[in-house]
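Chemist: One file is attached below, model_2.cif, containing mmCIF, C-alpha atoms, pLDDT in the B column; chains and numbers go by the auth columns.
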```cif
data_model
#
loop_
_atom_site.group_PDB
_atom_site.id
_atom_site.type_symbol
_atom_site.label_atom_id
_atom_site.label_comp_id
_atom_site.label_asym_id
_atom_site.label_seq_id
_atom_site.Cartn_x
_atom_site.Cartn_y
_atom_site.Cartn_z
_atom_site.B_iso_or_equiv
_atom_site.auth_seq_id
_atom_site.auth_asym_id
ATOM 1 C CA MET A 1 56.654 177.640 83.523 95.00 145 P
ATOM 2 C CA ASN A 2 53.098 176.493 83.915 95.00 146 P
ATOM 3 C CA ARG A 3 51.121 174.663 81.241 96.00 147 P
ATOM 4 C CA GLU A 4 49.352 177.806 80.021 97.00 148 P
ATOM 5 C CA ALA A 5 52.686 179.577 79.471 98.00 149 P
ATOM 6 C CA PHE A 6 54.136 176.487 77.773 98.00 150 P
ATOM 7 C CA ASP A 7 51.167 176.290 75.421 98.00 151 P
ATOM 8 C CA HIS A 8 51.601 179.977 74.600 98.00 152 P
ATOM 9 C CA ALA A 9 55.321 179.573 73.858 98.00 153 P
ATOM 10 C CA VAL A 10 54.628 176.578 71.595 98.00 154 P
ATOM 11 C CA ARG A 11 51.823 178.399 69.803 98.00 155 P
ATOM 12 C CA ALA A 12 53.960 181.513 69.321 98.00 156 P
ATOM 13 C CA ALA A 13 56.981 179.561 68.042 98.00 157 P
ATOM 14 C CA GLY A 14 54.786 177.695 65.567 98.00 158 P
ATOM 15 C CA ALA A 15 53.294 180.964 64.326 98.00 159 P
ATOM 16 C CA ILE A 16 56.705 182.598 63.932 98.00 160 P
ATOM 17 C CA LEU A 17 58.043 179.679 61.906 98.00 161 P
ATOM 18 C CA GLY A 18 54.796 178.974 60.076 97.00 162 P
ATOM 19 C CA GLU A 19 55.118 175.352 61.173 97.00 163 P
ATOM 20 C CA ASN A 20 52.697 172.954 62.823 98.00 164 P
ATOM 21 C CA GLU A 21 55.282 170.710 64.479 98.00 165 P
ATOM 22 C CA LEU A 22 58.162 171.604 66.779 98.00 166 P
ATOM 23 C CA LEU A 23 60.624 169.828 69.056 98.00 167 P
ATOM 24 C CA VAL A 24 60.930 170.595 72.777 98.00 168 P
ATOM 25 C CA ILE A 25 64.151 169.367 74.359 96.00 169 P
ATOM 26 C CA GLY A 26 64.467 171.203 77.680 94.00 170 P
ATOM 27 C CA SER A 27 62.810 170.775 81.059 96.00 171 P
ATOM 28 C CA GLN A 28 59.462 171.979 79.761 97.00 172 P
ATOM 29 C CA ALA A 29 59.202 168.790 77.711 97.00 173 P
ATOM 30 C CA LEU A 30 57.823 167.364 80.961 97.00 174 P
ATOM 31 C CA HIS A 31 54.440 168.863 80.104 97.00 175 P
ATOM 32 C CA ALA A 32 53.948 166.008 77.638 98.00 176 P
ATOM 33 C CA SER A 33 54.703 163.335 80.250 96.00 177 P
ATOM 34 C CA ILE A 34 53.189 164.806 83.397 96.00 178 P
ATOM 35 C CA SER A 35 49.557 165.882 83.369 92.00 179 P
ATOM 36 C CA THR A 36 49.643 167.442 86.841 90.00 180 P
ATOM 37 C CA ASP A 37 51.671 170.401 88.074 89.00 181 P
ATOM 38 C CA LEU A 38 55.369 170.041 87.395 90.00 182 P
ATOM 39 C CA PRO A 39 57.847 169.671 90.256 90.00 183 P
ATOM 40 C CA SER A 40 59.039 173.092 91.417 91.00 184 P
ATOM 41 C CA GLU A 41 62.515 172.325 90.014 88.00 185 P
ATOM 42 C CA ALA A 42 60.955 172.288 86.527 87.00 186 P
ATOM 43 C CA ALA A 43 58.185 174.825 86.990 89.00 187 P
ATOM 44 C CA ARG A 44 60.583 177.597 88.033 92.00 188 P
ATOM 45 C CA SER A 45 62.135 177.678 84.571 94.00 189 P
ATOM 46 C CA VAL A 46 60.988 180.639 82.491 97.00 190 P
ATOM 47 C CA GLU A 47 62.123 179.295 79.127 97.00 191 P
ATOM 48 C CA ALA A 48 61.014 176.555 76.786 98.00 192 P
ATOM 49 C CA ASP A 49 63.817 175.131 74.638 98.00 193 P
ATOM 50 C CA ILE A 50 62.230 174.807 71.210 98.00 194 P
ATOM 51 C CA ALA A 51 63.762 173.565 67.964 98.00 195 P
ATOM 52 C CA ALA A 52 62.403 173.303 64.459 97.00 196 P
ATOM 53 C CA LEU A 53 62.293 169.747 63.172 96.00 197 P
ATOM 54 C CA ASP A 54 64.085 170.816 59.995 94.00 198 P
ATOM 55 C CA ASP A 55 66.697 173.490 60.658 95.00 199 P
ATOM 56 C CA PRO A 56 70.129 172.318 59.474 90.00 200 P
ATOM 57 C CA HIS A 57 71.728 175.759 59.772 94.00 201 P
ATOM 58 C CA ASP A 58 69.877 176.958 62.901 93.00 202 P
ATOM 59 C CA TYR A 59 68.202 179.841 61.064 97.00 203 P
ATOM 60 C CA LYS A 60 64.840 178.959 62.573 98.00 204 P
ATOM 61 C CA ALA A 61 66.349 178.819 66.049 97.00 205 P
ATOM 62 C CA ASP A 62 67.551 182.380 65.483 97.00 206 P
ATOM 63 C CA LEU A 63 64.044 183.440 64.400 98.00 207 P
ATOM 64 C CA ILE A 64 62.576 182.058 67.620 98.00 208 P
ATOM 65 C CA ASP A 65 65.256 183.778 69.703 96.00 209 P
ATOM 66 C CA GLY A 66 64.789 187.109 67.961 97.00 210 P
ATOM 67 C CA ALA A 67 61.009 187.169 68.187 98.00 211 P
ATOM 68 C CA ILE A 68 60.163 185.475 71.486 98.00 212 P
ATOM 69 C CA GLY A 69 63.533 184.771 73.105 98.00 213 P
ATOM 70 C CA GLU A 70 65.246 186.099 76.178 98.00 214 P
ATOM 71 C CA ALA A 71 65.054 189.906 76.518 97.00 215 P
ATOM 72 C CA SER A 72 62.454 190.123 73.709 98.00 216 P
ATOM 73 C CA THR A 73 59.243 192.122 73.970 98.00 217 P
ATOM 74 C CA PHE A 74 57.477 188.764 74.381 98.00 218 P
ATOM 75 C CA HIS A 75 59.680 187.959 77.386 98.00 219 P
ATOM 76 C CA GLY A 76 59.171 191.399 78.886 98.00 220 P
ATOM 77 C CA THR A 77 55.425 191.213 78.431 98.00 221 P
ATOM 78 C CA PHE A 78 54.786 187.684 79.672 98.00 222 P
ATOM 79 C CA GLY A 79 57.757 186.904 81.936 98.00 223 P
ATOM 80 C CA TYR A 80 58.710 183.745 80.042 98.00 224 P
ATOM 81 C CA TYR A 81 60.205 183.025 76.641 98.00 225 P
ATOM 82 C CA ALA A 82 61.186 180.413 74.080 98.00 226 P
ATOM 83 C CA GLN A 83 64.853 179.667 73.572 97.00 227 P
ATOM 84 C CA GLY A 84 65.512 178.737 69.963 98.00 228 P
ATOM 85 C CA VAL A 85 67.769 175.688 69.997 97.00 229 P
ATOM 86 C CA SER A 86 69.091 173.052 67.649 95.00 230 P
ATOM 87 C CA LYS A 87 68.180 169.363 67.654 92.00 231 P
ATOM 88 C CA THR A 88 71.819 168.751 68.535 91.00 232 P
ATOM 89 C CA THR A 89 71.774 171.001 71.620 91.00 233 P
ATOM 90 C CA ALA A 90 71.112 168.059 73.939 92.00 234 P
ATOM 91 C CA VAL A 91 73.145 164.852 74.108 93.00 235 P
ATOM 92 C CA LEU A 92 70.580 162.067 73.894 95.00 236 P
ATOM 93 C CA PRO A 93 70.455 158.268 73.945 96.00 237 P
ATOM 94 C CA HIS A 94 70.173 156.352 70.692 96.00 238 P
ATOM 95 C CA GLY A 95 66.565 156.056 69.519 97.00 239 P
ATOM 96 C CA TRP A 96 65.279 159.181 71.259 97.00 240 P
ATOM 97 C CA GLU A 97 63.435 160.293 68.119 97.00 241 P
ATOM 98 C CA ASN A 98 61.274 157.163 68.282 98.00 242 P
ATOM 99 C CA ARG A 99 60.261 157.907 71.871 98.00 243 P
ATOM 100 C CA LEU A 100 59.137 161.521 71.461 98.00 244 P
ATOM 101 C CA ILE A 101 55.833 162.320 73.152 98.00 245 P
ATOM 102 C CA ARG A 102 53.215 164.209 71.167 98.00 246 P
ATOM 103 C CA TYR A 103 51.854 167.270 72.958 98.00 247 P
ATOM 104 C CA GLU A 104 48.947 169.266 71.598 98.00 248 P
ATOM 105 C CA THR A 105 46.143 171.090 73.355 98.00 249 P
ATOM 106 C CA PRO A 106 43.457 173.473 72.128 98.00 250 P
ATOM 107 C CA ASN A 107 45.711 176.263 73.423 98.00 251 P
ATOM 108 C CA THR A 108 48.595 175.323 71.089 98.00 252 P
ATOM 109 C CA ASN A 109 46.322 176.282 68.179 97.00 253 P
ATOM 110 C CA GLY A 110 47.113 173.233 66.068 98.00 254 P
ATOM 111 C CA VAL A 111 50.852 173.284 66.770 98.00 255 P
ATOM 112 C CA VAL A 112 52.218 169.927 67.920 98.00 256 P
ATOM 113 C CA ALA A 113 55.161 169.946 70.289 98.00 257 P
ATOM 114 C CA TRP A 114 57.174 166.731 70.073 98.00 258 P
ATOM 115 C CA CYS A 115 58.676 166.474 73.544 98.00 259 P
ATOM 116 C CA LEU A 116 61.517 164.365 74.861 98.00 260 P
ATOM 117 C CA GLU A 117 60.413 161.264 76.703 98.00 261 P
ATOM 118 C CA ILE A 118 61.065 161.702 80.427 98.00 262 P
ATOM 119 C CA HIS A 119 64.001 159.262 80.709 98.00 263 P
ATOM 120 C CA ASP A 120 65.712 160.745 77.648 98.00 264 P
ATOM 121 C CA LEU A 121 65.180 164.191 79.152 97.00 265 P
ATOM 122 C CA TRP A 122 66.649 163.027 82.473 97.00 266 P
ATOM 123 C CA ILE A 123 69.762 161.682 80.722 97.00 267 P
ATOM 124 C CA SER A 124 70.275 164.921 78.776 96.00 268 P
ATOM 125 C CA LYS A 125 69.970 166.983 81.955 96.00 269 P
ATOM 126 C CA ALA A 126 72.342 164.665 83.829 95.00 270 P
ATOM 127 C CA ILE A 127 74.905 165.048 81.057 95.00 271 P
ATOM 128 C CA ALA A 128 74.638 168.850 81.246 93.00 272 P
ATOM 129 C CA SER A 129 75.312 168.515 85.004 92.00 273 P
ATOM 130 C CA ARG A 130 74.728 172.143 85.964 94.00 274 P
ATOM 131 C CA PRO A 131 73.461 172.488 89.551 95.00 275 P
ATOM 132 C CA LYS A 132 69.925 173.229 88.316 94.00 276 P
ATOM 133 C CA ASP A 133 70.072 170.119 86.105 95.00 277 P
ATOM 134 C CA ILE A 134 71.090 167.894 89.000 95.00 278 P
ATOM 135 C CA GLU A 135 68.261 169.354 91.113 95.00 279 P
ATOM 136 C CA PHE A 136 65.894 168.649 88.221 96.00 280 P
ATOM 137 C CA CYS A 137 67.110 165.042 87.970 96.00 281 P
ATOM 138 C CA ALA A 138 66.821 164.580 91.743 95.00 282 P
ATOM 139 C CA ALA A 139 63.242 165.885 91.681 95.00 283 P
ATOM 140 C CA LEU A 140 62.211 163.432 88.970 96.00 284 P
ATOM 141 C CA VAL A 141 63.672 160.595 91.022 95.00 285 P
ATOM 142 C CA ALA A 142 62.091 161.843 94.262 93.00 286 P
ATOM 143 C CA HIS A 143 58.647 162.079 92.649 93.00 287 P
ATOM 144 C CA ASN A 144 59.048 158.609 91.104 94.00 288 P
ATOM 145 C CA TYR A 145 58.676 159.941 87.563 96.00 289 P
ATOM 146 C CA VAL A 146 61.664 157.935 86.307 97.00 290 P
ATOM 147 C CA LYS A 147 62.690 154.315 86.703 96.00 291 P
ATOM 148 C CA THR A 148 66.262 153.398 87.553 94.00 292 P
ATOM 149 C CA ASN A 149 66.384 150.405 85.218 95.00 293 P
ATOM 150 C CA THR A 150 65.228 152.566 82.294 97.00 294 P
ATOM 151 C CA LEU A 151 67.832 155.216 83.109 97.00 295 P
ATOM 152 C CA ASP A 152 70.517 152.509 83.233 95.00 296 P
ATOM 153 C CA ARG A 153 69.439 151.210 79.799 95.00 297 P
ATOM 154 C CA ARG A 154 69.422 154.705 78.312 96.00 298 P
ATOM 155 C CA LEU A 155 72.864 155.304 79.733 95.00 299 P
ATOM 156 C CA THR A 156 74.180 152.314 77.800 91.00 300 P
ATOM 157 C CA ASP A 157 72.540 153.732 74.656 90.00 301 P
ATOM 158 C CA LEU A 158 74.649 156.893 74.750 91.00 302 P
ATOM 159 C CA ALA A 159 77.319 157.109 72.106 82.00 303 P
ATOM 160 C CA ASP A 160 80.493 159.168 72.193 81.00 304 P
ATOM 161 C CA ILE A 161 80.368 160.341 75.797 90.00 305 P
ATOM 162 C CA GLY A 162 83.391 158.393 76.983 90.00 306 P
ATOM 163 C CA GLU A 163 83.641 155.801 79.699 91.00 307 P
ATOM 164 C CA GLU A 164 84.559 158.312 82.412 93.00 308 P
ATOM 165 C CA LYS A 165 81.404 160.363 81.786 92.00 309 P
ATOM 166 C CA ARG A 166 79.307 157.178 81.538 92.00 310 P
ATOM 167 C CA ALA A 167 80.661 156.028 84.927 94.00 311 P
ATOM 168 C CA GLN A 168 79.981 159.461 86.416 94.00 312 P
ATOM 169 C CA LEU A 169 76.357 159.294 85.225 94.00 313 P
ATOM 170 C CA ALA A 170 75.960 155.761 86.570 94.00 314 P
ATOM 171 C CA ARG A 171 77.157 157.002 89.973 95.00 315 P
ATOM 172 C CA LEU A 172 74.685 159.890 89.797 94.00 316 P
ATOM 173 C CA ILE A 173 71.809 157.517 89.073 93.00 317 P
ATOM 174 C CA GLN A 174 72.842 155.339 91.994 93.00 318 P
ATOM 175 C CA ARG A 175 73.356 158.277 94.357 93.00 319 P
ATOM 176 C CA LEU A 176 70.005 159.875 93.561 91.00 320 P
ATOM 177 C CA THR A 177 68.024 156.664 93.776 86.00 321 P
ATOM 178 C CA GLU A 178 69.614 155.718 97.096 86.00 322 P
ATOM 179 C CA SER A 179 69.557 159.160 98.720 71.00 323 P
ATOM 180 C CA ASP A 180 66.946 160.971 100.739 53.00 324 P
ATOM 181 C CA HIS A 181 66.713 163.502 97.853 47.00 325 P
ATOM 182 C CA SER A 182 67.732 166.450 99.975 46.00 326 P
ATOM 183 C CA PHE A 183 69.591 168.580 97.462 43.00 327 P
#
```
Here is a file; write its structure as structure tokens.
Modeler:
Amino acid sequence: MNREAFDHAVRAAGAILGENELLVIGSQALHASISTDLPSEAARSVEADIAALDDPHDYKADLIDGAIGEASTFHGTFGYYAQGVSKTTAVLPHGWENRLIRYETPNTNGVVAWCLEIHDLWISKAIASRPKDIEFCAALVAHNYVKTNTLDRRLTDLADIGEEKRAQLARLIQRLTESDHSF
């Protein structure tokens, strides 16, 4: 998803909810941290994972999905969509809320997208561990967008993931930072 499409998805989600602030927790949160073109592993995504800041029962997530989600008229028309998600969709390190990056452009029409900070985003993708998530993590390492020492600190700030998963993530960090990034 390019920046223009991201701006459109943010603007549309804000209009649907009648809200001026949203949370972006998926790969498209990179738009707040990277001002140039995104790595292809992030740009190929056609969805922006968007949550309302206040949505304890996920009703607003359902509104986003119904209006501009996958298989909607919006998706069919533009080729991309917004996935309505919950703040709890991603597993994130302690303190992530304090590190959110503000994203707003003239094209978001006054809607602010609070986006995950790049290291928090990396950790959440590593935890998900789908092949596309590992490719995404490898690309951020290969392009020097993340720092190993910051990833290691964030890993220690994860609660309730278990020591086995924590060790697995530590090995992933080490493997990606020491490899030739050919995934």
Chemist: With 3 Å of padding per side, what axis-aligned box (centre and edge lengths, Å, one decimal) covers all the listed atoms of segment 233-239 of chain P? Give it as AutoDock Vina command-line options.
Modeler:
```
--center_x 69.9 --center_y 163.5 --center_z 71.8 --size_x 12.6 --size_y 20.9 --size_z 10.6
```
Chemist: So which residues touch segment 236-244 of chain P within 12 Å, counting only C-alpha atoms, skipping near sequence neighbours fewer than 3 positions away, as an MDAnalysis selection string?
Modeler: chainID P and resid 166:170 173:174 176:177 197 231:233 247 256:272 294:305 310
Chemist: If you measure from atom CA of Ala149 of chain P to atom CA of Tyr224 of chain P, what distance in Å do you get, rounded to one decimal?
Modeler: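 Separating atom CA of Ala149 of chain P from atom CA of Tyr224 of chain P is a distance of 7.3 Å.
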Chemist: Any chance you could tabulate, as a Markdown table, the residues of segment 253-303 of chain P at most 10 Å from segment 183-194 of chain P with each one's nearest atom pair and distance in Å to one decimal, using only C-alpha atoms, in chain and rising number order?
Modeler:
```
| residue | atom | partner | partner_atom | distance |
| --- | --- | --- | --- | --- |
| P:Ala257 | CA | P:Ile194 | CA | 8.6 |
| P:Trp258 | CA | P:Ile194 | CA | 9.6 |
| P:Cys259 | CA | P:Ile194 | CA | 9.4 |
| P:Lys276 | CA | P:Glu185 | CA | 7.7 |
| P:Asp277 | CA | P:Glu185 | CA | 8.8 |
| P:Ile278 | CA | P:Glu185 | CA | 9.7 |
| P:Glu279 | CA | P:Glu185 | CA | 6.6 |
| P:Phe280 | CA | P:Glu185 | CA | 5.3 |
| P:Cys281 | CA | P:Glu185 | CA | 8.9 |
| P:Ala282 | CA | P:Glu185 | CA | 9.0 |
| P:Ala283 | CA | P:Glu185 | CA | 6.7 |
| P:Leu284 | CA | P:Pro183 | CA | 7.7 |
| P:Ala286 | CA | P:Pro183 | CA | 9.8 |
| P:His287 | CA | P:Pro183 | CA | 8.0 |
```
Chemist: In Å, how far is it from atom CA of Asn251 of chain P to atom CA of Ala234 of chain P?
Modeler: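 Spanning atom CA of Asn251 of chain P to atom CA of Ala234 of chain P is a straight-line distance of 26.7 Å.
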Chemist: Around (54.5, 179.8, 72.9), as given in the file, which residues come within 10 Å? Count all atoms listed in the file and list them as a list in words.
Modeler: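 Those residues lying close to the given coordinates are Glu148, Ala149, Phe150, Asp151, His152, Ala153, Val154, Arg155, Ala156, Ala157, Gly158, Ala159, Ile160, Glu191, Ala192, Ile194, Ile208, Ile212, Phe218, Tyr224, Tyr225, Ala226, Asn251, Thr252 and Val255 of chain P.
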Chemist: Which distance in Å separates atom CA of Ser273 of chain P and atom CA of Lys309 of chain P, to one decimal?
Modeler: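 Straight-line distance from atom CA of Ser273 of chain P to atom CA of Lys309 of chain P works out to 10.7 Å.
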Chemist: Hey, which of P:Thr321, P:Glu307, P:Asn253, P:Leu313 ends up closest to Val290 of chain P? Count only C-alpha atoms.
Modeler: P:Thr321
Chemist: Measuring atom to atom with only C-alpha atoms, identify which of P:Gly210, P:Gly254, P:Pro200, P:Pro275 is nearest to Glu165 of chain P.
Modeler: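 Of all the options, P:Gly254 lies closest to Glu165 of chain P.
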Chemist: Selecting N, CA and C atoms, how would segment 192-214 of chain P from this structure be written as an mmCIF file, in the first residue's frame?
Modeler:
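Below you can see part_34.cif, which holds the result:
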```cif
data_model
loop_
_atom_site.group_PDB
_atom_site.id
_atom_site.type_symbol
_atom_site.label_atom_id
_atom_site.label_comp_id
_atom_site.auth_asym_id
_atom_site.auth_seq_id
_atom_site.Cartn_x
_atom_site.Cartn_y
_atom_site.Cartn_z
ATOM 1 N N ALA P 192 -4.803 -1.925 5.601
ATOM 2 C CA ALA P 192 -4.314 -1.163 6.754
ATOM 3 C C ALA P 192 -5.108 -1.640 7.954
ATOM 4 N N ASP P 193 -4.414 -2.098 8.991
ATOM 5 C CA ASP P 193 -5.070 -2.572 10.209
ATOM 6 C C ASP P 193 -5.343 -1.374 11.107
ATOM 7 N N ILE P 194 -6.612 -1.006 11.203
ATOM 8 C CA ILE P 194 -7.004 0.216 11.901
ATOM 9 C C ILE P 194 -7.948 -0.115 13.048
ATOM 10 N N ALA P 195 -7.661 0.488 14.195
ATOM 11 C CA ALA P 195 -8.501 0.324 15.389
ATOM 12 C C ALA P 195 -8.954 1.689 15.877
ATOM 13 N N ALA P 196 -10.114 1.718 16.481
ATOM 14 C CA ALA P 196 -10.557 2.922 17.184
ATOM 15 C C ALA P 196 -9.831 2.967 18.523
ATOM 16 N N LEU P 197 -9.557 4.152 19.000
ATOM 17 C CA LEU P 197 -8.862 4.274 20.285
ATOM 18 C C LEU P 197 -9.757 3.838 21.443
ATOM 19 N N ASP P 198 -11.048 4.013 21.279
ATOM 20 C CA ASP P 198 -12.006 3.622 22.318
ATOM 21 C C ASP P 198 -13.052 2.710 21.684
ATOM 22 N N ASP P 199 -12.873 1.419 21.849
ATOM 23 C CA ASP P 199 -13.773 0.440 21.237
ATOM 24 C C ASP P 199 -13.766 -0.852 22.053
ATOM 25 N N PRO P 200 -14.253 -0.791 23.308
ATOM 26 C CA PRO P 200 -14.122 -1.953 24.187
ATOM 27 C C PRO P 200 -14.843 -3.213 23.708
ATOM 28 N N HIS P 201 -15.829 -3.079 22.861
ATOM 29 C CA HIS P 201 -16.577 -4.252 22.405
ATOM 30 C C HIS P 201 -16.380 -4.527 20.913
ATOM 31 N N ASP P 202 -15.445 -3.845 20.299
ATOM 32 C CA ASP P 202 -15.094 -4.019 18.884
ATOM 33 C C ASP P 202 -16.217 -3.664 17.916
ATOM 34 N N TYR P 203 -17.173 -2.859 18.338
ATOM 35 C CA TYR P 203 -18.242 -2.444 17.432
ATOM 36 C C TYR P 203 -17.695 -1.565 16.314
ATOM 37 N N LYS P 204 -16.760 -0.700 16.665
ATOM 38 C CA LYS P 204 -16.197 0.210 15.661
ATOM 39 C C LYS P 204 -15.334 -0.548 14.666
ATOM 40 N N ALA P 205 -14.662 -1.578 15.124
ATOM 41 C CA ALA P 205 -13.888 -2.426 14.212
ATOM 42 C C ALA P 205 -14.828 -3.050 13.185
ATOM 43 N N ASP P 206 -15.988 -3.484 13.633
ATOM 44 C CA ASP P 206 -16.976 -4.067 12.724
ATOM 45 C C ASP P 206 -17.490 -3.041 11.718
ATOM 46 N N LEU P 207 -17.653 -1.785 12.157
ATOM 47 C CA LEU P 207 -18.088 -0.730 11.235
ATOM 48 C C LEU P 207 -17.061 -0.515 10.129
ATOM 49 N N ILE P 208 -15.792 -0.483 10.514
ATOM 50 C CA ILE P 208 -14.725 -0.317 9.516
ATOM 51 C C ILE P 208 -14.754 -1.484 8.541
ATOM 52 N N ASP P 209 -14.813 -2.705 9.072
ATOM 53 C CA ASP P 209 -14.841 -3.888 8.204
ATOM 54 C C ASP P 209 -16.021 -3.853 7.235
ATOM 55 N N GLY P 210 -17.186 -3.524 7.740
ATOM 56 C CA GLY P 210 -18.380 -3.534 6.905
ATOM 57 C C GLY P 210 -18.358 -2.487 5.809
ATOM 58 N N ALA P 211 -17.812 -1.328 6.107
ATOM 59 C CA ALA P 211 -17.847 -0.226 5.140
ATOM 60 C C ALA P 211 -16.667 -0.220 4.179
ATOM 61 N N ILE P 212 -15.460 -0.455 4.695
ATOM 62 C CA ILE P 212 -14.274 -0.336 3.839
ATOM 63 C C ILE P 212 -13.324 -1.519 3.998
ATOM 64 N N GLY P 213 -13.851 -2.638 4.476
ATOM 65 C CA GLY P 213 -13.036 -3.828 4.701
ATOM 66 C C GLY P 213 -12.897 -4.703 3.475
ATOM 67 N N GLU P 214 -12.308 -5.859 3.703
ATOM 68 C CA GLU P 214 -12.083 -6.814 2.623
ATOM 69 C C GLU P 214 -13.413 -7.190 1.974
#
```
